[in-house]
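Student: My structure is in coords.txt, and what it holds is compact mmCIF, C-alpha atoms:
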```txt
# COMPACT_ATOMS: atom_id res chain seq x y z
CA MET A 1 17.16 -75.03 46.52
CA LYS A 2 19.61 -76.45 44.03
CA LYS A 3 23.32 -75.78 44.43
CA LYS A 4 23.50 -73.53 41.39
CA TYR A 5 20.97 -71.18 43.04
CA ARG A 6 23.00 -70.73 46.25
CA ILE A 7 25.72 -68.36 47.36
CA LYS A 8 27.93 -70.12 49.88
CA LYS A 9 31.48 -68.77 49.59
CA ASN A 10 32.63 -65.84 51.70
CA GLU A 11 34.18 -64.13 48.65
CA GLU A 12 30.82 -64.20 46.85
CA PHE A 13 29.05 -62.77 49.91
CA GLN A 14 31.66 -60.01 50.21
CA LYS A 15 31.34 -59.11 46.53
CA VAL A 16 27.57 -58.67 46.88
CA PHE A 17 27.98 -56.66 50.11
CA GLN A 18 30.59 -54.33 48.64
CA LYS A 19 29.24 -53.81 45.11
CA GLY A 20 25.52 -54.41 45.60
CA HIS A 21 22.63 -52.25 46.77
CA SER A 22 20.66 -52.85 49.95
CA PHE A 23 16.97 -52.60 50.74
CA ALA A 24 15.42 -53.20 54.14
CA ASN A 25 12.43 -53.28 56.41
CA ARG A 26 12.33 -54.08 60.13
CA GLN A 27 12.73 -57.84 59.72
CA PHE A 28 15.02 -58.34 56.70
CA VAL A 29 17.78 -56.68 54.69
CA ILE A 30 18.33 -57.67 51.08
CA TYR A 31 21.51 -56.99 49.14
CA VAL A 32 21.24 -57.16 45.36
CA LEU A 33 24.00 -57.33 42.75
CA ASP A 34 23.49 -57.46 38.99
CA GLN A 35 25.04 -60.54 37.35
CA PRO A 36 24.23 -60.19 33.62
CA GLU A 37 26.18 -63.36 32.74
CA LEU A 38 23.84 -65.52 34.87
CA GLN A 39 20.70 -67.16 33.49
CA HIS A 40 19.12 -67.46 36.93
CA PHE A 41 19.38 -65.74 40.28
CA ARG A 42 21.47 -66.96 43.22
CA VAL A 43 20.64 -66.40 46.87
CA GLY A 44 22.53 -66.49 50.14
CA PHE A 45 21.13 -66.33 53.66
CA SER A 46 22.70 -64.81 56.74
CA VAL A 47 21.24 -65.11 60.22
CA GLY A 48 23.51 -63.78 62.97
CA LYS A 49 23.93 -65.09 66.49
CA LYS A 50 22.01 -62.12 67.89
CA ILE A 51 18.85 -63.69 66.43
CA GLY A 52 18.95 -66.64 68.82
CA ASN A 53 20.33 -70.13 69.26
CA ALA A 54 21.09 -72.52 66.38
CA VAL A 55 17.56 -73.92 66.34
CA THR A 56 16.03 -70.45 65.98
CA ARG A 57 18.55 -69.36 63.33
CA ASN A 58 17.99 -72.51 61.27
CA ARG A 59 14.22 -72.07 61.52
CA VAL A 60 14.46 -68.50 60.20
CA LYS A 61 16.68 -69.66 57.32
CA ARG A 62 14.31 -72.53 56.51
CA LEU A 63 11.31 -70.19 56.37
CA ALA A 64 13.18 -67.63 54.25
CA ARG A 65 14.36 -70.37 51.86
CA GLN A 66 10.79 -71.61 51.42
CA VAL A 67 9.55 -68.10 50.67
CA MET A 68 12.32 -67.62 48.10
CA PHE A 69 11.37 -70.94 46.52
CA GLU A 70 7.75 -69.78 46.18
CA ILE A 71 8.45 -66.31 44.81
CA ALA A 72 11.41 -67.34 42.61
CA PRO A 73 9.43 -67.37 39.32
CA TYR A 74 8.46 -63.73 39.87
CA LEU A 75 11.95 -62.39 40.68
CA LYS A 76 14.42 -60.86 38.26
CA GLN A 77 16.72 -63.71 37.30
CA ASP A 78 20.11 -62.16 36.48
CA LYS A 79 20.94 -61.12 40.04
CA ASP A 80 22.61 -62.27 43.24
CA TYR A 81 20.53 -61.80 46.40
CA ILE A 82 21.62 -61.97 50.02
CA VAL A 83 18.87 -62.12 52.64
CA ILE A 84 19.88 -61.02 56.13
CA ALA A 85 17.47 -61.62 58.99
CA ARG A 86 17.04 -59.09 61.78
CA LYS A 87 15.99 -59.89 65.35
CA PRO A 88 12.17 -59.56 64.89
CA ALA A 89 12.29 -62.37 62.29
CA ALA A 90 12.93 -64.89 65.08
CA GLU A 91 9.36 -64.64 66.41
CA MET A 92 7.59 -64.60 63.04
CA GLU A 93 5.41 -67.31 61.58
CA TYR A 94 5.67 -68.43 57.95
CA GLU A 95 2.99 -66.10 56.57
CA GLU A 96 4.57 -63.11 58.31
CA VAL A 97 8.01 -63.98 56.90
CA LYS A 98 6.50 -64.31 53.43
CA LYS A 99 4.70 -60.99 53.66
CA SER A 100 7.81 -59.24 54.99
CA LEU A 101 10.15 -60.61 52.30
CA GLN A 102 7.64 -59.79 49.57
CA HIS A 103 7.48 -56.24 50.93
CA VAL A 104 11.27 -55.82 50.73
CA PHE A 105 11.41 -57.24 47.20
CA LYS A 106 8.59 -54.91 46.12
CA ARG A 107 10.42 -51.94 47.64
CA ALA A 108 13.52 -52.90 45.68
CA LYS A 109 11.46 -53.29 42.47
CA LEU A 110 12.86 -56.77 41.91
CA TYR A 111 9.73 -58.47 40.57
CA GLN A 112 9.67 -59.19 36.86
CA HIS A 113 6.01 -60.23 36.88
CA ARG A 114 3.08 -59.13 38.96
CA LEU A 115 2.89 -61.20 42.13
CA ASN A 116 -0.90 -61.02 42.40
CA SER A 117 -1.51 -62.58 38.97
CA SER A 118 -1.09 -66.13 40.35
CA ARG A 119 -3.59 -65.40 43.12
CA THR A 120 -6.11 -64.11 40.58
CA GLU A 121 -5.65 -67.25 38.45
CA GLU A 122 -6.22 -69.45 41.52
CA LYS A 123 -9.45 -67.62 42.37
CA ASN A 124 -10.72 -67.86 38.79
CA SER A 125 -10.10 -71.61 38.64
CA GLN A 126 -12.17 -72.28 41.77
```
Let me see the file written as structure tokens.

Tutor:
Amino acid sequence: MKKKYRIKKNEEFQKVFQKGHSFANRQFVIYVLDQPELQHFRVGFSVGKKIGNAVTRNRVKRLARQVMFEIAPYLKQDKDYIVIARKPAAEMEYEEVKKSLQHVFKRAKLYQHRLNSSRTEEKNSQ
């Protein structure tokens, strides 16, 4: 992801935690904060040491980043998102991570377009 799409500074994380709203399932927690002055969303990832060693934590972040990259066109753009991984995320494969994150975003009503429309277009083109 490009730099302008990332949240890296502690102050930015704290602002989203304190002023934002959270949504969760068993594997992930998402904090969301409206940023009407932004043209695009920004995202930060947090994977605590309870999840596992550095290799495991980086793997979880890599998978979550890839999912965010894929679903980015469907998300509401004027927001800051923080994705926090919970312990079960450490044993998940890519498809499970994708399904779980999509579930949390659907629960939070953060999609601006229907997610299934791209799947329907792919089926029709084949």

Student: For a quick check of understanding, using all atoms listed in the file, which of A:Tyr111, A:Phe13, A:Tyr94, A:Tyr81 has the smallest distance to Tyr31 of chain A?

Tutor: A:Tyr81

Student: Restricting the calculation to all atoms listed in the file, which member of A:Ala89, A:Ala72, A:Ile51, A:Val104 is positioned closest to Gln27 of chain A?

Tutor: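 Closest candidate: A:Ala89.
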
Student: Neighbours of Pro88 of chain A within 9 Å (only C-alpha atoms; same-chain residues fewer than 2 positions away dropped), as an MDAnalysis selection string?

Tutor: chainID A and resid 26:28 51 85:86 90:92

Student: Considering only C-alpha atoms, return as an mmCIF file with C-alpha atoms, in the frame of the given file whatever protein or nucleic-acid residues lie within 12 Å of Gln66 of chain A, sequence-local ones (same chain, fewer than 6 positions apart) excluded.

Tutor:
```cif
data_model
loop_
_atom_site.group_PDB
_atom_site.id
_atom_site.type_symbol
_atom_site.label_atom_id
_atom_site.label_comp_id
_atom_site.auth_asym_id
_atom_site.auth_seq_id
_atom_site.Cartn_x
_atom_site.Cartn_y
_atom_site.Cartn_z
ATOM 1 C CA MET A 1 17.160 -75.030 46.520
ATOM 2 C CA PHE A 45 21.130 -66.330 53.660
ATOM 3 C CA ARG A 59 14.220 -72.070 61.520
ATOM 4 C CA VAL A 60 14.460 -68.500 60.200
ATOM 5 C CA ALA A 72 11.410 -67.340 42.610
ATOM 6 C CA TYR A 94 5.670 -68.430 57.950
ATOM 7 C CA GLU A 95 2.990 -66.100 56.570
ATOM 8 C CA VAL A 97 8.010 -63.980 56.900
ATOM 9 C CA LYS A 98 6.500 -64.310 53.430
ATOM 10 C CA LEU A 101 10.150 -60.610 52.300
#
```

Student: Nearest to Ala64 of chain A: which of A:His40, A:Gln102, A:Gln77, A:Leu33 is it, counting all atoms listed in the file?

Tutor: A:Gln102

Student: In Å, with one decimal, what is the gap from atom CA of Val83 of chain A to atom CA of Val47 of chain A?

Tutor: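 Rounded to one decimal, the two atoms are 8.5 Å apart.
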
Student: In Å, with one decimal, what is the gap from atom CA of Val67 of chain A to atom CA of Ile82 of chain A?

Tutor: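 Atom CA of Ile82 of chain A lies at a distance of 13.6 Å from atom CA of Val67 of chain A.
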
Student: Find the distance between atom CA of Gln14 of chain A and atom CA of Ala108 of chain A and write it in Å to one decimal.

Tutor: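 Spanning atom CA of Gln14 of chain A to atom CA of Ala108 of chain A is a straight-line distance of 20.0 Å.
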
Student: Excluding same-chain residues fewer than 3 positions from Lys4 of chain A, what lies within 12 Å of it counting all atoms listed in the file, as a PDB file with C-alpha atoms, keeping the file's coordinate frame?

Tutor:
```pdb
ATOM      1  CA  MET A   1      17.160 -75.030  46.520  1.00  0.00           C
ATOM      2  CA  ILE A   7      25.720 -68.360  47.360  1.00  0.00           C
ATOM      3  CA  LYS A   8      27.930 -70.120  49.880  1.00  0.00           C
ATOM      4  CA  LEU A  38      23.840 -65.520  34.870  1.00  0.00           C
ATOM      5  CA  GLN A  39      20.700 -67.160  33.490  1.00  0.00           C
ATOM      6  CA  HIS A  40      19.120 -67.460  36.930  1.00  0.00           C
ATOM      7  CA  PHE A  41      19.380 -65.740  40.280  1.00  0.00           C
ATOM      8  CA  ARG A  42      21.470 -66.960  43.220  1.00  0.00           C
ATOM      9  CA  VAL A  43      20.640 -66.400  46.870  1.00  0.00           C
ATOM     10  CA  GLY A  44      22.530 -66.490  50.140  1.00  0.00           C
ATOM     11  CA  ASP A  80      22.610 -62.270  43.240  1.00  0.00           C
TER      12      ASP A  80
END
```

Student: Nearest to Pro36 of chain A among A:Ser100, A:Lys76, A:Arg62, A:Glu93, with distances taken over only C-alpha atoms: which residue is it?

Tutor: A:Lys76

Student: Let me make sure I understand: among A:Met68, A:Arg107, A:Leu63, A:Gly48, which one has the smallest atom-to-atom distance to Phe23 of chain A if we use only C-alpha atoms?

Tutor: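 Selected residue with least distance to Phe23 of chain A: A:Arg107.
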
Student: My list of candidates is A:Lys79, A:His21, A:Arg65, A:Lys87. Which is closest to Asn53 of chain A when distances are computed with only C-alpha atoms?

Tutor: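 Smallest separation from Asn53 of chain A among the options: A:Lys87.
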